[in-house]
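> Quick one, target-v3.txt (compact mmCIF, N, CA and C atoms and all ligand atoms):
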# COMPACT_ATOMS: atom_id res chain seq x y z
N MET A 1 1.37 10.04 17.64
CA MET A 1 0.65 9.12 16.73
C MET A 1 -0.80 9.59 16.56
N LYS A 2 -1.24 9.73 15.31
CA LYS A 2 -2.61 10.19 15.06
C LYS A 2 -3.60 9.07 15.36
N SER A 3 -4.86 9.46 15.58
CA SER A 3 -5.88 8.44 15.84
C SER A 3 -6.09 7.60 14.58
N GLU A 4 -6.64 6.40 14.80
CA GLU A 4 -6.86 5.52 13.64
C GLU A 4 -7.85 6.13 12.65
N LYS A 5 -8.82 6.88 13.19
CA LYS A 5 -9.80 7.54 12.31
C LYS A 5 -9.08 8.53 11.39
N LYS A 6 -8.20 9.31 12.00
CA LYS A 6 -7.44 10.31 11.24
C LYS A 6 -6.53 9.63 10.22
N GLN A 7 -5.90 8.52 10.65
CA GLN A 7 -5.01 7.79 9.75
C GLN A 7 -5.79 7.21 8.56
N ALA A 8 -6.99 6.69 8.85
CA ALA A 8 -7.82 6.14 7.77
C ALA A 8 -8.19 7.25 6.78
N GLU A 9 -8.51 8.43 7.31
CA GLU A 9 -8.82 9.58 6.45
C GLU A 9 -7.63 9.92 5.57
N MET A 10 -6.44 9.90 6.18
CA MET A 10 -5.23 10.23 5.42
C MET A 10 -4.98 9.21 4.31
N ILE A 11 -5.19 7.93 4.62
CA ILE A 11 -5.00 6.89 3.60
C ILE A 11 -5.97 7.11 2.44
N ARG A 12 -7.21 7.45 2.78
CA ARG A 12 -8.20 7.69 1.72
C ARG A 12 -7.81 8.93 0.91
N GLU A 13 -7.31 9.93 1.61
CA GLU A 13 -6.94 11.18 0.93
C GLU A 13 -5.71 10.98 0.03
N ILE A 14 -4.66 10.34 0.55
CA ILE A 14 -3.44 10.14 -0.24
C ILE A 14 -3.73 9.28 -1.47
N SER A 15 -4.55 8.23 -1.27
CA SER A 15 -4.81 7.28 -2.37
C SER A 15 -5.87 7.78 -3.34
N GLY A 16 -6.76 8.63 -2.85
CA GLY A 16 -7.89 9.07 -3.68
C GLY A 16 -8.91 7.95 -3.88
N VAL A 17 -8.86 6.95 -2.98
CA VAL A 17 -9.71 5.77 -3.13
C VAL A 17 -10.91 5.84 -2.18
N ASN A 18 -12.05 5.37 -2.69
CA ASN A 18 -13.24 5.25 -1.85
C ASN A 18 -13.49 3.77 -1.54
N PRO A 19 -13.06 3.31 -0.36
CA PRO A 19 -13.20 1.88 -0.04
C PRO A 19 -14.65 1.43 0.12
N TYR A 20 -15.57 2.40 0.28
CA TYR A 20 -16.99 2.04 0.45
C TYR A 20 -17.56 1.40 -0.82
N LYS A 21 -16.87 1.57 -1.95
CA LYS A 21 -17.39 1.01 -3.21
C LYS A 21 -17.12 -0.48 -3.34
N CYS A 22 -16.28 -1.03 -2.45
CA CYS A 22 -15.89 -2.44 -2.55
C CYS A 22 -17.09 -3.36 -2.36
N MET A 23 -17.20 -4.35 -3.25
CA MET A 23 -18.31 -5.32 -3.09
C MET A 23 -17.78 -6.70 -2.67
N LYS A 24 -16.52 -6.73 -2.22
CA LYS A 24 -15.92 -7.95 -1.65
C LYS A 24 -15.96 -9.14 -2.61
N CYS A 25 -15.70 -8.88 -3.88
CA CYS A 25 -15.72 -9.98 -4.85
C CYS A 25 -14.42 -10.79 -4.81
N GLY A 26 -13.33 -10.19 -4.32
CA GLY A 26 -12.06 -10.90 -4.19
C GLY A 26 -11.23 -10.96 -5.46
N LYS A 27 -11.66 -10.29 -6.53
CA LYS A 27 -10.90 -10.34 -7.80
C LYS A 27 -9.51 -9.73 -7.64
N CYS A 28 -9.40 -8.72 -6.80
CA CYS A 28 -8.10 -8.08 -6.59
C CYS A 28 -7.11 -9.10 -6.01
N SER A 29 -7.55 -9.84 -5.01
CA SER A 29 -6.67 -10.82 -4.37
C SER A 29 -6.34 -11.94 -5.35
N ALA A 30 -7.30 -12.33 -6.17
CA ALA A 30 -7.07 -13.41 -7.14
C ALA A 30 -6.03 -13.03 -8.18
N SER A 31 -5.85 -11.73 -8.43
CA SER A 31 -4.89 -11.31 -9.46
C SER A 31 -3.55 -10.86 -8.86
N CYS A 32 -3.42 -10.94 -7.54
CA CYS A 32 -2.22 -10.39 -6.88
C CYS A 32 -1.04 -11.37 -6.92
N PRO A 33 0.10 -10.98 -7.49
CA PRO A 33 1.26 -11.88 -7.54
C PRO A 33 1.89 -12.12 -6.17
N SER A 34 1.59 -11.28 -5.19
CA SER A 34 2.16 -11.44 -3.85
C SER A 34 1.18 -12.07 -2.87
N PHE A 35 0.07 -12.55 -3.39
CA PHE A 35 -1.00 -13.07 -2.53
C PHE A 35 -0.49 -14.01 -1.43
N ASN A 36 0.34 -14.99 -1.83
CA ASN A 36 0.79 -16.00 -0.86
C ASN A 36 1.65 -15.43 0.27
N GLU A 37 2.28 -14.32 0.01
CA GLU A 37 3.17 -13.73 1.03
C GLU A 37 2.46 -12.70 1.91
N MET A 38 1.23 -12.39 1.56
CA MET A 38 0.53 -11.33 2.30
C MET A 38 -0.25 -11.89 3.48
N ASP A 39 -0.09 -11.28 4.65
CA ASP A 39 -0.90 -11.69 5.80
C ASP A 39 -2.29 -11.04 5.75
N ILE A 40 -2.36 -9.84 5.19
CA ILE A 40 -3.66 -9.21 4.95
C ILE A 40 -3.80 -9.10 3.43
N LYS A 41 -4.71 -9.85 2.85
CA LYS A 41 -4.86 -9.92 1.39
C LYS A 41 -5.45 -8.61 0.86
N PRO A 42 -5.24 -8.31 -0.43
CA PRO A 42 -5.70 -7.02 -0.95
C PRO A 42 -7.17 -6.69 -0.66
N HIS A 43 -8.09 -7.66 -0.84
CA HIS A 43 -9.51 -7.35 -0.58
C HIS A 43 -9.74 -7.11 0.91
N GLN A 44 -8.95 -7.79 1.77
CA GLN A 44 -9.07 -7.57 3.22
C GLN A 44 -8.52 -6.20 3.60
N PHE A 45 -7.47 -5.80 2.91
CA PHE A 45 -6.85 -4.50 3.17
C PHE A 45 -7.91 -3.39 3.03
N VAL A 46 -8.72 -3.52 1.99
CA VAL A 46 -9.79 -2.53 1.76
C VAL A 46 -10.74 -2.49 2.96
N SER A 47 -11.10 -3.67 3.46
CA SER A 47 -12.02 -3.74 4.62
C SER A 47 -11.40 -3.12 5.87
N TYR A 48 -10.12 -3.35 6.06
CA TYR A 48 -9.45 -2.77 7.24
C TYR A 48 -9.50 -1.24 7.19
N VAL A 49 -9.30 -0.68 5.99
CA VAL A 49 -9.36 0.79 5.87
C VAL A 49 -10.79 1.24 6.16
N LEU A 50 -11.74 0.50 5.59
CA LEU A 50 -13.15 0.80 5.78
C LEU A 50 -13.51 0.82 7.27
N HIS A 51 -13.01 -0.16 8.01
CA HIS A 51 -13.33 -0.26 9.44
C HIS A 51 -12.31 0.48 10.32
N GLU A 52 -11.44 1.19 9.67
CA GLU A 52 -10.46 2.06 10.35
C GLU A 52 -9.58 1.29 11.34
N ASP A 53 -9.25 0.06 10.98
CA ASP A 53 -8.31 -0.72 11.78
C ASP A 53 -6.91 -0.53 11.18
N ILE A 54 -6.37 0.64 11.39
CA ILE A 54 -5.13 1.01 10.73
C ILE A 54 -3.91 0.44 11.46
N GLU A 55 -4.06 0.26 12.75
CA GLU A 55 -2.96 -0.29 13.55
C GLU A 55 -2.52 -1.65 12.99
N SER A 56 -3.50 -2.50 12.65
CA SER A 56 -3.19 -3.82 12.09
C SER A 56 -2.51 -3.68 10.73
N LEU A 57 -2.97 -2.71 9.95
CA LEU A 57 -2.40 -2.53 8.61
C LEU A 57 -0.94 -2.09 8.66
N VAL A 58 -0.64 -1.13 9.53
CA VAL A 58 0.73 -0.60 9.55
C VAL A 58 1.73 -1.63 10.11
N LYS A 59 1.19 -2.62 10.82
CA LYS A 59 2.08 -3.67 11.33
C LYS A 59 2.15 -4.87 10.38
N SER A 60 1.36 -4.84 9.34
CA SER A 60 1.24 -6.04 8.49
C SER A 60 2.44 -6.21 7.56
N GLU A 61 2.68 -7.47 7.22
CA GLU A 61 3.71 -7.82 6.24
C GLU A 61 3.31 -7.32 4.86
N SER A 62 2.01 -7.30 4.63
CA SER A 62 1.49 -6.96 3.29
C SER A 62 1.99 -5.61 2.80
N LEU A 63 2.16 -4.72 3.75
CA LEU A 63 2.60 -3.36 3.41
C LEU A 63 3.90 -3.40 2.60
N TRP A 64 4.77 -4.34 2.94
CA TRP A 64 6.08 -4.40 2.31
C TRP A 64 6.17 -5.52 1.28
N LYS A 65 5.13 -6.31 1.15
CA LYS A 65 5.12 -7.39 0.15
C LYS A 65 4.45 -6.96 -1.15
N CYS A 66 3.67 -5.88 -1.07
CA CYS A 66 3.01 -5.38 -2.28
C CYS A 66 4.05 -4.84 -3.24
N LEU A 67 3.95 -5.24 -4.52
CA LEU A 67 4.93 -4.84 -5.54
C LEU A 67 4.52 -3.57 -6.28
N SER A 68 3.38 -3.00 -5.91
CA SER A 68 2.83 -1.83 -6.62
C SER A 68 2.70 -2.11 -8.11
N CYS A 69 2.35 -3.34 -8.46
CA CYS A 69 2.18 -3.68 -9.88
C CYS A 69 0.83 -3.20 -10.39
N PHE A 70 -0.12 -2.98 -9.47
CA PHE A 70 -1.47 -2.49 -9.75
C PHE A 70 -2.31 -3.42 -10.62
N ALA A 71 -1.97 -4.72 -10.59
CA ALA A 71 -2.84 -5.70 -11.26
C ALA A 71 -4.23 -5.65 -10.63
N CYS A 72 -4.26 -5.45 -9.30
CA CYS A 72 -5.55 -5.38 -8.58
C CYS A 72 -6.35 -4.16 -9.02
N VAL A 73 -5.65 -3.09 -9.32
CA VAL A 73 -6.32 -1.85 -9.75
C VAL A 73 -7.00 -2.08 -11.10
N GLU A 74 -6.27 -2.76 -11.99
CA GLU A 74 -6.82 -3.08 -13.31
C GLU A 74 -8.02 -3.99 -13.21
N ARG A 75 -7.95 -4.93 -12.29
CA ARG A 75 -8.95 -6.00 -12.20
C ARG A 75 -10.24 -5.60 -11.49
N CYS A 76 -10.15 -4.61 -10.63
CA CYS A 76 -11.31 -4.29 -9.78
C CYS A 76 -12.49 -3.76 -10.61
N PRO A 77 -13.64 -4.41 -10.51
CA PRO A 77 -14.81 -3.96 -11.28
C PRO A 77 -15.45 -2.69 -10.72
N ARG A 78 -15.03 -2.30 -9.49
CA ARG A 78 -15.66 -1.14 -8.84
C ARG A 78 -14.70 0.05 -8.73
N ASP A 79 -13.55 -0.07 -9.38
CA ASP A 79 -12.58 1.02 -9.39
C ASP A 79 -12.13 1.41 -7.97
N VAL A 80 -11.93 0.40 -7.13
CA VAL A 80 -11.56 0.67 -5.73
C VAL A 80 -10.03 0.89 -5.57
N LYS A 81 -9.25 0.20 -6.38
CA LYS A 81 -7.79 0.39 -6.36
C LYS A 81 -7.12 0.00 -5.05
N PRO A 82 -7.21 -1.26 -4.65
CA PRO A 82 -6.58 -1.68 -3.39
C PRO A 82 -5.08 -1.40 -3.34
N GLY A 83 -4.38 -1.56 -4.44
CA GLY A 83 -2.93 -1.31 -4.47
C GLY A 83 -2.61 0.13 -4.09
N LYS A 84 -3.49 1.05 -4.45
CA LYS A 84 -3.25 2.46 -4.11
C LYS A 84 -3.46 2.69 -2.61
N LEU A 85 -4.39 1.93 -2.03
CA LEU A 85 -4.59 2.04 -0.57
C LEU A 85 -3.34 1.53 0.16
N ILE A 86 -2.80 0.41 -0.33
CA ILE A 86 -1.60 -0.15 0.30
C ILE A 86 -0.44 0.84 0.18
N ASP A 87 -0.33 1.40 -1.01
CA ASP A 87 0.72 2.37 -1.26
C ASP A 87 0.59 3.58 -0.31
N ALA A 88 -0.64 4.03 -0.11
CA ALA A 88 -0.88 5.18 0.76
C ALA A 88 -0.56 4.83 2.22
N ALA A 89 -0.90 3.61 2.64
CA ALA A 89 -0.60 3.18 4.02
C ALA A 89 0.92 3.12 4.22
N ARG A 90 1.61 2.68 3.18
CA ARG A 90 3.08 2.62 3.25
C ARG A 90 3.66 4.03 3.39
N GLN A 91 3.10 4.93 2.62
CA GLN A 91 3.56 6.33 2.71
C GLN A 91 3.32 6.91 4.10
N LEU A 92 2.18 6.55 4.67
CA LEU A 92 1.84 7.03 6.02
C LEU A 92 2.91 6.59 7.02
N VAL A 93 3.29 5.32 6.94
CA VAL A 93 4.30 4.78 7.85
C VAL A 93 5.64 5.47 7.63
N VAL A 94 6.03 5.63 6.39
CA VAL A 94 7.31 6.26 6.08
C VAL A 94 7.33 7.71 6.56
N ARG A 95 6.20 8.42 6.36
CA ARG A 95 6.12 9.82 6.81
C ARG A 95 6.21 9.91 8.33
N GLN A 96 5.56 8.96 9.01
CA GLN A 96 5.60 8.99 10.48
C GLN A 96 7.01 8.76 11.00
N ARG A 97 7.76 7.99 10.23
CA ARG A 97 9.15 7.76 10.64
C ARG A 97 10.04 8.95 10.28
N GLY A 98 9.47 9.89 9.52
CA GLY A 98 10.24 11.06 9.12
C GLY A 98 11.20 10.77 7.98
N GLU A 99 10.91 9.70 7.22
CA GLU A 99 11.79 9.35 6.09
C GLU A 99 11.04 9.56 4.79
N THR A 100 10.95 10.81 4.37
CA THR A 100 10.18 11.08 3.16
C THR A 100 11.10 11.20 1.95
N TYR A 101 12.37 10.94 2.14
CA TYR A 101 13.30 11.16 1.05
C TYR A 101 14.23 9.97 0.92
N LEU A 102 14.34 9.45 -0.29
CA LEU A 102 15.23 8.31 -0.53
C LEU A 102 16.41 8.80 -1.36
N SER A 103 17.59 8.69 -0.78
CA SER A 103 18.77 9.14 -1.50
C SER A 103 19.34 8.00 -2.35
N PRO A 104 19.85 8.32 -3.56
CA PRO A 104 20.40 7.27 -4.43
C PRO A 104 21.51 6.49 -3.73
N ASP A 105 22.24 7.14 -2.79
CA ASP A 105 23.33 6.45 -2.09
C ASP A 105 22.83 5.29 -1.21
N GLU A 106 21.55 5.39 -0.83
CA GLU A 106 21.00 4.36 0.06
C GLU A 106 20.59 3.11 -0.71
N VAL A 107 20.44 3.24 -2.03
CA VAL A 107 19.87 2.14 -2.80
C VAL A 107 20.73 0.88 -2.82
N PRO A 108 22.05 0.98 -3.10
CA PRO A 108 22.81 -0.27 -3.20
C PRO A 108 22.68 -1.17 -1.98
N GLU A 109 22.64 -0.61 -0.77
CA GLU A 109 22.55 -1.48 0.40
C GLU A 109 21.16 -2.09 0.57
N LEU A 110 20.16 -1.50 -0.10
CA LEU A 110 18.81 -2.04 -0.03
C LEU A 110 18.55 -3.07 -1.14
N LEU A 111 19.48 -3.13 -2.10
CA LEU A 111 19.24 -3.98 -3.27
C LEU A 111 19.29 -5.46 -2.95
N ASP A 112 18.37 -6.16 -3.57
CA ASP A 112 18.29 -7.60 -3.42
C ASP A 112 18.18 -8.13 -4.86
N PRO A 113 18.91 -9.17 -5.23
CA PRO A 113 18.87 -9.64 -6.62
C PRO A 113 17.46 -10.03 -7.07
N GLU A 114 16.60 -10.37 -6.10
CA GLU A 114 15.24 -10.80 -6.45
C GLU A 114 14.28 -9.61 -6.60
N LEU A 115 14.76 -8.42 -6.24
CA LEU A 115 13.88 -7.24 -6.21
C LEU A 115 13.43 -6.85 -7.63
N PRO A 116 12.11 -6.73 -7.85
CA PRO A 116 11.67 -6.34 -9.19
C PRO A 116 12.10 -4.90 -9.50
N GLN A 117 12.56 -4.66 -10.72
CA GLN A 117 13.00 -3.32 -11.13
C GLN A 117 11.88 -2.30 -10.96
N GLN A 118 10.65 -2.78 -11.20
CA GLN A 118 9.50 -1.88 -11.11
C GLN A 118 9.36 -1.27 -9.72
N LEU A 119 9.74 -2.06 -8.73
CA LEU A 119 9.66 -1.59 -7.35
C LEU A 119 10.62 -0.43 -7.12
N LEU A 120 11.80 -0.54 -7.69
CA LEU A 120 12.79 0.53 -7.53
C LEU A 120 12.31 1.82 -8.20
N VAL A 121 11.76 1.65 -9.40
CA VAL A 121 11.27 2.83 -10.13
C VAL A 121 10.14 3.48 -9.32
N SER A 122 9.24 2.66 -8.78
CA SER A 122 8.13 3.19 -7.97
C SER A 122 8.66 3.92 -6.75
N ALA A 123 9.68 3.34 -6.10
CA ALA A 123 10.25 3.95 -4.89
C ALA A 123 10.82 5.32 -5.21
N PHE A 124 11.52 5.42 -6.32
CA PHE A 124 12.10 6.71 -6.69
C PHE A 124 11.04 7.74 -6.99
N ARG A 125 9.98 7.29 -7.68
CA ARG A 125 8.89 8.22 -7.99
C ARG A 125 8.32 8.80 -6.71
N ARG A 126 8.18 7.95 -5.70
CA ARG A 126 7.53 8.39 -4.47
C ARG A 126 8.42 9.15 -3.52
N TYR A 127 9.62 8.67 -3.34
CA TYR A 127 10.43 9.20 -2.23
C TYR A 127 11.45 10.25 -2.65
N ARG A 128 11.45 10.62 -3.95
CA ARG A 128 12.36 11.68 -4.37
C ARG A 128 11.65 13.02 -4.37
N ARG A 129 10.40 13.08 -3.92
CA ARG A 129 9.67 14.36 -3.92
C ARG A 129 9.94 15.16 -2.68
S1 LIG A 201 -11.74 -6.37 -6.78
FE1 LIG A 201 -12.49 -4.37 -6.08
S2 LIG A 201 -14.62 -4.71 -5.48
FE2 LIG A 201 -13.63 -6.73 -5.61
S3 LIG A 201 -12.91 -7.15 -3.50
FE3 LIG A 201 -11.22 -6.19 -4.61
S4 LIG A 201 -11.42 -4.01 -4.14
FE4 LIG A 201 -13.38 -4.96 -3.62
S1 LIG A 202 -0.46 -3.68 -6.44
FE1 LIG A 202 0.12 -4.92 -4.65
S2 LIG A 202 -1.82 -5.70 -3.89
FE2 LIG A 202 -2.19 -5.04 -5.98
S3 LIG A 202 -1.88 -6.84 -7.27
FE3 LIG A 202 0.07 -5.75 -7.20
S4 LIG A 202 1.20 -6.68 -5.51
FE4 LIG A 202 -0.95 -7.26 -5.25
For this file, produce the structure as C-alpha cells.


Amino acid sequence: MKSEKKQAEMIREISGVNPYKCMKCGKCSASCPSFNEMDIKPHQFVSYVLHEDIESLVKSESLWKCLSCFACVERCPRDVKPGKLIDAARQLVVRQRGETYLSPDEVPELLDPELPQQLLVSAFRRYRR
C-alpha cells in the first residue's frame, strides 16, 4: 500500500485537478444528485485530497455513490472538478485491487434495474483500456 501522500499525488495526477483552487463555496455539493447518499460530500472530498486523508476517501461510500454525471464539474466556479477527483480515487482503488479490466461477461451480474445507463457507459470507457 502506497503512502497517503503518494496516493494523493496519484489522485491529482490521474484527475488533472488542482484541489488548491477550491474556495469551499459548496456549489458542487448543492448540484450533486447523489448528495444525500454520500458520507463525504463532493466539496469535502476536495478537502480530503488537499489534506491527503486518502484512507478515509477509499473507505467512503461516496466513492461508489458518485454517478460521474459531472454536474459538479459544470457548476464549480474555480474549475476544480470534484467529480474527476472522485473518479480518480475510484480508479486508484480498482488498480490496487488489480482489477483494471471490465469484461462484458461480468456486466449482467452487476446490473441493477435502478442503475443509470450513463454509469455503465462511463465504466466501459474506463475499464476497457
Ligand atoms: S464548487 Fe468548486 S470551489 Fe466550490 S466547493 Fe466545490 S470544488 Fe470548491
Ligand atoms: S459527478 Fe459525482 S460528485 Fe459530481 S455531481 Fe455527479 S454524482 Fe455528484

> Taking only residues of chain A that have an atom at most 6.5 Å from an atom of ligand LIG 201 (chain A), what is each one's shortest atom pair and its distance in Å to one decimal, using only N, CA and C atoms and all ligand atoms, in chain and number order, as a Markdown table?


| residue | atom | partner | partner_atom | distance |
| --- | --- | --- | --- | --- |
| A:Lys21 | C | A:LIG201 | S2 | 5.4 |
| A:Cys22 | CA | A:LIG201 | FE4 | 3.7 |
| A:Met23 | N | A:LIG201 | S2 | 3.4 |
| A:Lys24 | CA | A:LIG201 | S3 | 3.6 |
| A:Cys25 | N | A:LIG201 | S3 | 3.3 |
| A:Gly26 | N | A:LIG201 | S3 | 3.2 |
| A:Lys27 | N | A:LIG201 | S1 | 3.9 |
| A:Cys28 | N | A:LIG201 | S1 | 3.3 |
| A:Ser29 | N | A:LIG201 | FE3 | 5.2 |
| A:Pro42 | C | A:LIG201 | FE3 | 5.7 |
| A:His43 | CA | A:LIG201 | S3 | 4.5 |
| A:Val46 | CA | A:LIG201 | S4 | 6.3 |
| A:Cys72 | C | A:LIG201 | S1 | 6.2 |
| A:Arg75 | C | A:LIG201 | S1 | 5.0 |
| A:Cys76 | CA | A:LIG201 | S1 | 3.7 |
| A:Pro77 | N | A:LIG201 | FE1 | 4.6 |
| A:Arg78 | N | A:LIG201 | S2 | 4.7 |
| A:Asp79 | N | A:LIG201 | FE1 | 5.5 |
| A:Val80 | N | A:LIG201 | FE1 | 4.9 |
| A:Lys81 | N | A:LIG201 | S4 | 5.2 |
| A:Pro82 | N | A:LIG201 | S4 | 5.1 |

> Excluding Val93 in chain A and residues on its chain fewer than 5 positions from it, collect all residues at most 12 Å away from it, counting only C-alpha atoms, and give them as a ChimeraX atom specification.

/A:1-2,7,10-11,54-55,57-60,63-64,86-88,98-100

> Can you build me a table of chain A residues sitting at most 6.5 Å from ligand LIG 202 (chain A), with the closest atom pair per residue and its distance in Å to one decimal, using only N, CA and C atoms and all ligand atoms, sorted by chain and residue number, as a tab-separated table?


residue	atom	partner	partner_atom	distance
A:Cys28	C	A:LIG202	S3	5.8
A:Ser31	C	A:LIG202	S3	4.6
A:Cys32	CA	A:LIG202	S3	3.6
A:Pro33	N	A:LIG202	FE4	4.5
A:Ser34	N	A:LIG202	S4	4.6
A:Phe35	N	A:LIG202	FE4	5.7
A:Pro42	CA	A:LIG202	S2	5.0
A:Lys65	C	A:LIG202	S4	5.4
A:Cys66	CA	A:LIG202	FE1	3.8
A:Leu67	N	A:LIG202	S4	3.3
A:Ser68	CA	A:LIG202	S1	3.8
A:Cys69	N	A:LIG202	S1	3.5
A:Phe70	N	A:LIG202	S1	3.1
A:Ala71	N	A:LIG202	S3	3.9
A:Cys72	N	A:LIG202	S3	3.4
A:Val73	N	A:LIG202	FE2	5.2
A:Pro82	C	A:LIG202	FE2	5.3
A:Gly83	CA	A:LIG202	S1	3.9
A:Lys84	N	A:LIG202	S1	6.0

> List every residue of range 36-117 of chain A that DSSP, applied to the backbone of this structure, places in alpha helix (DSSP H), and write the result as a compact mmCIF listing (two decimals) with N, CA and C atoms, in the frame of the given file.


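As written to disk, states.txt reads:
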# COMPACT_ATOMS: atom_id res chain seq x y z
N PRO A 42 -5.24 -8.31 -0.43
CA PRO A 42 -5.70 -7.02 -0.95
C PRO A 42 -7.17 -6.69 -0.66
N HIS A 43 -8.09 -7.66 -0.84
CA HIS A 43 -9.51 -7.35 -0.58
C HIS A 43 -9.74 -7.11 0.91
N GLN A 44 -8.95 -7.79 1.77
CA GLN A 44 -9.07 -7.57 3.22
C GLN A 44 -8.52 -6.20 3.60
N PHE A 45 -7.47 -5.80 2.91
CA PHE A 45 -6.85 -4.50 3.17
C PHE A 45 -7.91 -3.39 3.03
N VAL A 46 -8.72 -3.52 1.99
CA VAL A 46 -9.79 -2.53 1.76
C VAL A 46 -10.74 -2.49 2.96
N SER A 47 -11.10 -3.67 3.46
CA SER A 47 -12.02 -3.74 4.62
C SER A 47 -11.40 -3.12 5.87
N TYR A 48 -10.12 -3.35 6.06
CA TYR A 48 -9.45 -2.77 7.24
C TYR A 48 -9.50 -1.24 7.19
N VAL A 49 -9.30 -0.68 5.99
CA VAL A 49 -9.36 0.79 5.87
C VAL A 49 -10.79 1.24 6.16
N LEU A 50 -11.74 0.50 5.59
CA LEU A 50 -13.15 0.80 5.78
C LEU A 50 -13.51 0.82 7.27
N ILE A 54 -6.37 0.64 11.39
CA ILE A 54 -5.13 1.01 10.73
C ILE A 54 -3.91 0.44 11.46
N GLU A 55 -4.06 0.26 12.75
CA GLU A 55 -2.96 -0.29 13.55
C GLU A 55 -2.52 -1.65 12.99
N SER A 56 -3.50 -2.50 12.65
CA SER A 56 -3.19 -3.82 12.09
C SER A 56 -2.51 -3.68 10.73
N LEU A 57 -2.97 -2.71 9.95
CA LEU A 57 -2.40 -2.53 8.61
C LEU A 57 -0.94 -2.09 8.66
N VAL A 58 -0.64 -1.13 9.53
CA VAL A 58 0.73 -0.60 9.55
C VAL A 58 1.73 -1.63 10.11
N LYS A 59 1.19 -2.62 10.82
CA LYS A 59 2.08 -3.67 11.33
C LYS A 59 2.15 -4.87 10.38
N SER A 62 2.01 -7.30 4.63
CA SER A 62 1.49 -6.96 3.29
C SER A 62 1.99 -5.61 2.80
N LEU A 63 2.16 -4.72 3.75
CA LEU A 63 2.60 -3.36 3.41
C LEU A 63 3.90 -3.40 2.60
N TRP A 64 4.77 -4.34 2.94
CA TRP A 64 6.08 -4.40 2.31
C TRP A 64 6.17 -5.52 1.28
N LYS A 65 5.13 -6.31 1.15
CA LYS A 65 5.12 -7.39 0.15
C LYS A 65 4.45 -6.96 -1.15
N ALA A 71 -1.97 -4.72 -10.59
CA ALA A 71 -2.84 -5.70 -11.26
C ALA A 71 -4.23 -5.65 -10.63
N CYS A 72 -4.26 -5.45 -9.30
CA CYS A 72 -5.55 -5.38 -8.58
C CYS A 72 -6.35 -4.16 -9.02
N VAL A 73 -5.65 -3.09 -9.32
CA VAL A 73 -6.32 -1.85 -9.75
C VAL A 73 -7.00 -2.08 -11.10
N GLU A 74 -6.27 -2.76 -11.99
CA GLU A 74 -6.82 -3.08 -13.31
C GLU A 74 -8.02 -3.99 -13.21
N ARG A 75 -7.95 -4.93 -12.29
CA ARG A 75 -8.95 -6.00 -12.20
C ARG A 75 -10.24 -5.60 -11.49
N PRO A 82 -7.21 -1.26 -4.65
CA PRO A 82 -6.58 -1.68 -3.39
C PRO A 82 -5.08 -1.40 -3.34
N GLY A 83 -4.38 -1.56 -4.44
CA GLY A 83 -2.93 -1.31 -4.47
C GLY A 83 -2.61 0.13 -4.09
N LYS A 84 -3.49 1.05 -4.45
CA LYS A 84 -3.25 2.46 -4.11
C LYS A 84 -3.46 2.69 -2.61
N LEU A 85 -4.39 1.93 -2.03
CA LEU A 85 -4.59 2.04 -0.57
C LEU A 85 -3.34 1.53 0.16
N ILE A 86 -2.80 0.41 -0.33
CA ILE A 86 -1.60 -0.15 0.30
C ILE A 86 -0.44 0.84 0.18
N ASP A 87 -0.33 1.40 -1.01
CA ASP A 87 0.72 2.37 -1.26
C ASP A 87 0.59 3.58 -0.31
N ALA A 88 -0.64 4.03 -0.11
CA ALA A 88 -0.88 5.18 0.76
C ALA A 88 -0.56 4.83 2.22
N ALA A 89 -0.90 3.61 2.64
CA ALA A 89 -0.60 3.18 4.02
C ALA A 89 0.92 3.12 4.22
N ARG A 90 1.61 2.68 3.18
CA ARG A 90 3.08 2.62 3.25
C ARG A 90 3.66 4.03 3.39
N GLN A 91 3.10 4.93 2.62
CA GLN A 91 3.56 6.33 2.71
C GLN A 91 3.32 6.91 4.10
N LEU A 92 2.18 6.55 4.67
CA LEU A 92 1.84 7.03 6.02
C LEU A 92 2.91 6.59 7.02
N VAL A 93 3.29 5.32 6.94
CA VAL A 93 4.30 4.78 7.85
C VAL A 93 5.64 5.47 7.63
N VAL A 94 6.03 5.63 6.39
CA VAL A 94 7.31 6.26 6.08
C VAL A 94 7.33 7.71 6.56
N ARG A 95 6.20 8.42 6.36
CA ARG A 95 6.12 9.82 6.81
C ARG A 95 6.21 9.91 8.33
N GLN A 96 5.56 8.96 9.01
CA GLN A 96 5.60 8.99 10.48
C GLN A 96 7.01 8.76 11.00
N VAL A 107 20.44 3.24 -2.03
CA VAL A 107 19.87 2.14 -2.80
C VAL A 107 20.73 0.88 -2.82
N PRO A 108 22.05 0.98 -3.10
CA PRO A 108 22.81 -0.27 -3.20
C PRO A 108 22.68 -1.17 -1.98
N GLU A 109 22.64 -0.61 -0.77
CA GLU A 109 22.55 -1.48 0.40
C GLU A 109 21.16 -2.09 0.57
N LEU A 110 20.16 -1.50 -0.10
CA LEU A 110 18.81 -2.04 -0.03
C LEU A 110 18.55 -3.07 -1.14
N GLN A 117 12.56 -4.66 -10.72
CA GLN A 117 13.00 -3.32 -11.13
C GLN A 117 11.88 -2.30 -10.96

> Provide the atom C of Gly16 in chain A to atom N of Arg90 in chain A distance in Å, to one decimal place.

13.7 Å

> Between A:Ser15, A:Ser3, A:Ala30, A:Glu114, which has the minimum distance to Asp53 in chain A (counting only C-alpha atoms)?

A:Ser3

> Name the residues, using the chain letters and numbers of the file, that sit within 8 Å of (0.2, -11.3, 8.3) when counting all atoms listed in the file, and give them as a list in words.

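Using all atoms listed in the file, the matching residues come out as Glu37, Met38, Asp39, Ile40, Lys41, Lys59, Ser60, Glu61 and Ser62 of chain A.
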
> Which distance in Å separates CA of Leu111 in chain A and CA of Leu85 in chain A, to one decimal?

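Result for CA of Leu111 in chain A versus CA of Leu85 in chain A: 24.7 Å, one decimal.
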
> For a quick check of understanding, using only C-alpha atoms, which of A:Arg12, A:Gln44, A:Tyr20, A:His51 has the smallest distance to Gln91 in chain A?

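Nearest to Gln91 in chain A: A:Arg12.
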
> To one decimal in Å, tell me the separation between CA of Asn18 in chain A and atom C of Ser122 in chain A.

22.5 Å

> Rank A:Ala8, A:Ala123, A:Gln117, A:Gln96 by their smallest atom-to-atom distance to Glu52 in chain A, using all atoms listed in the file, and report the top residue only.

A:Ala8
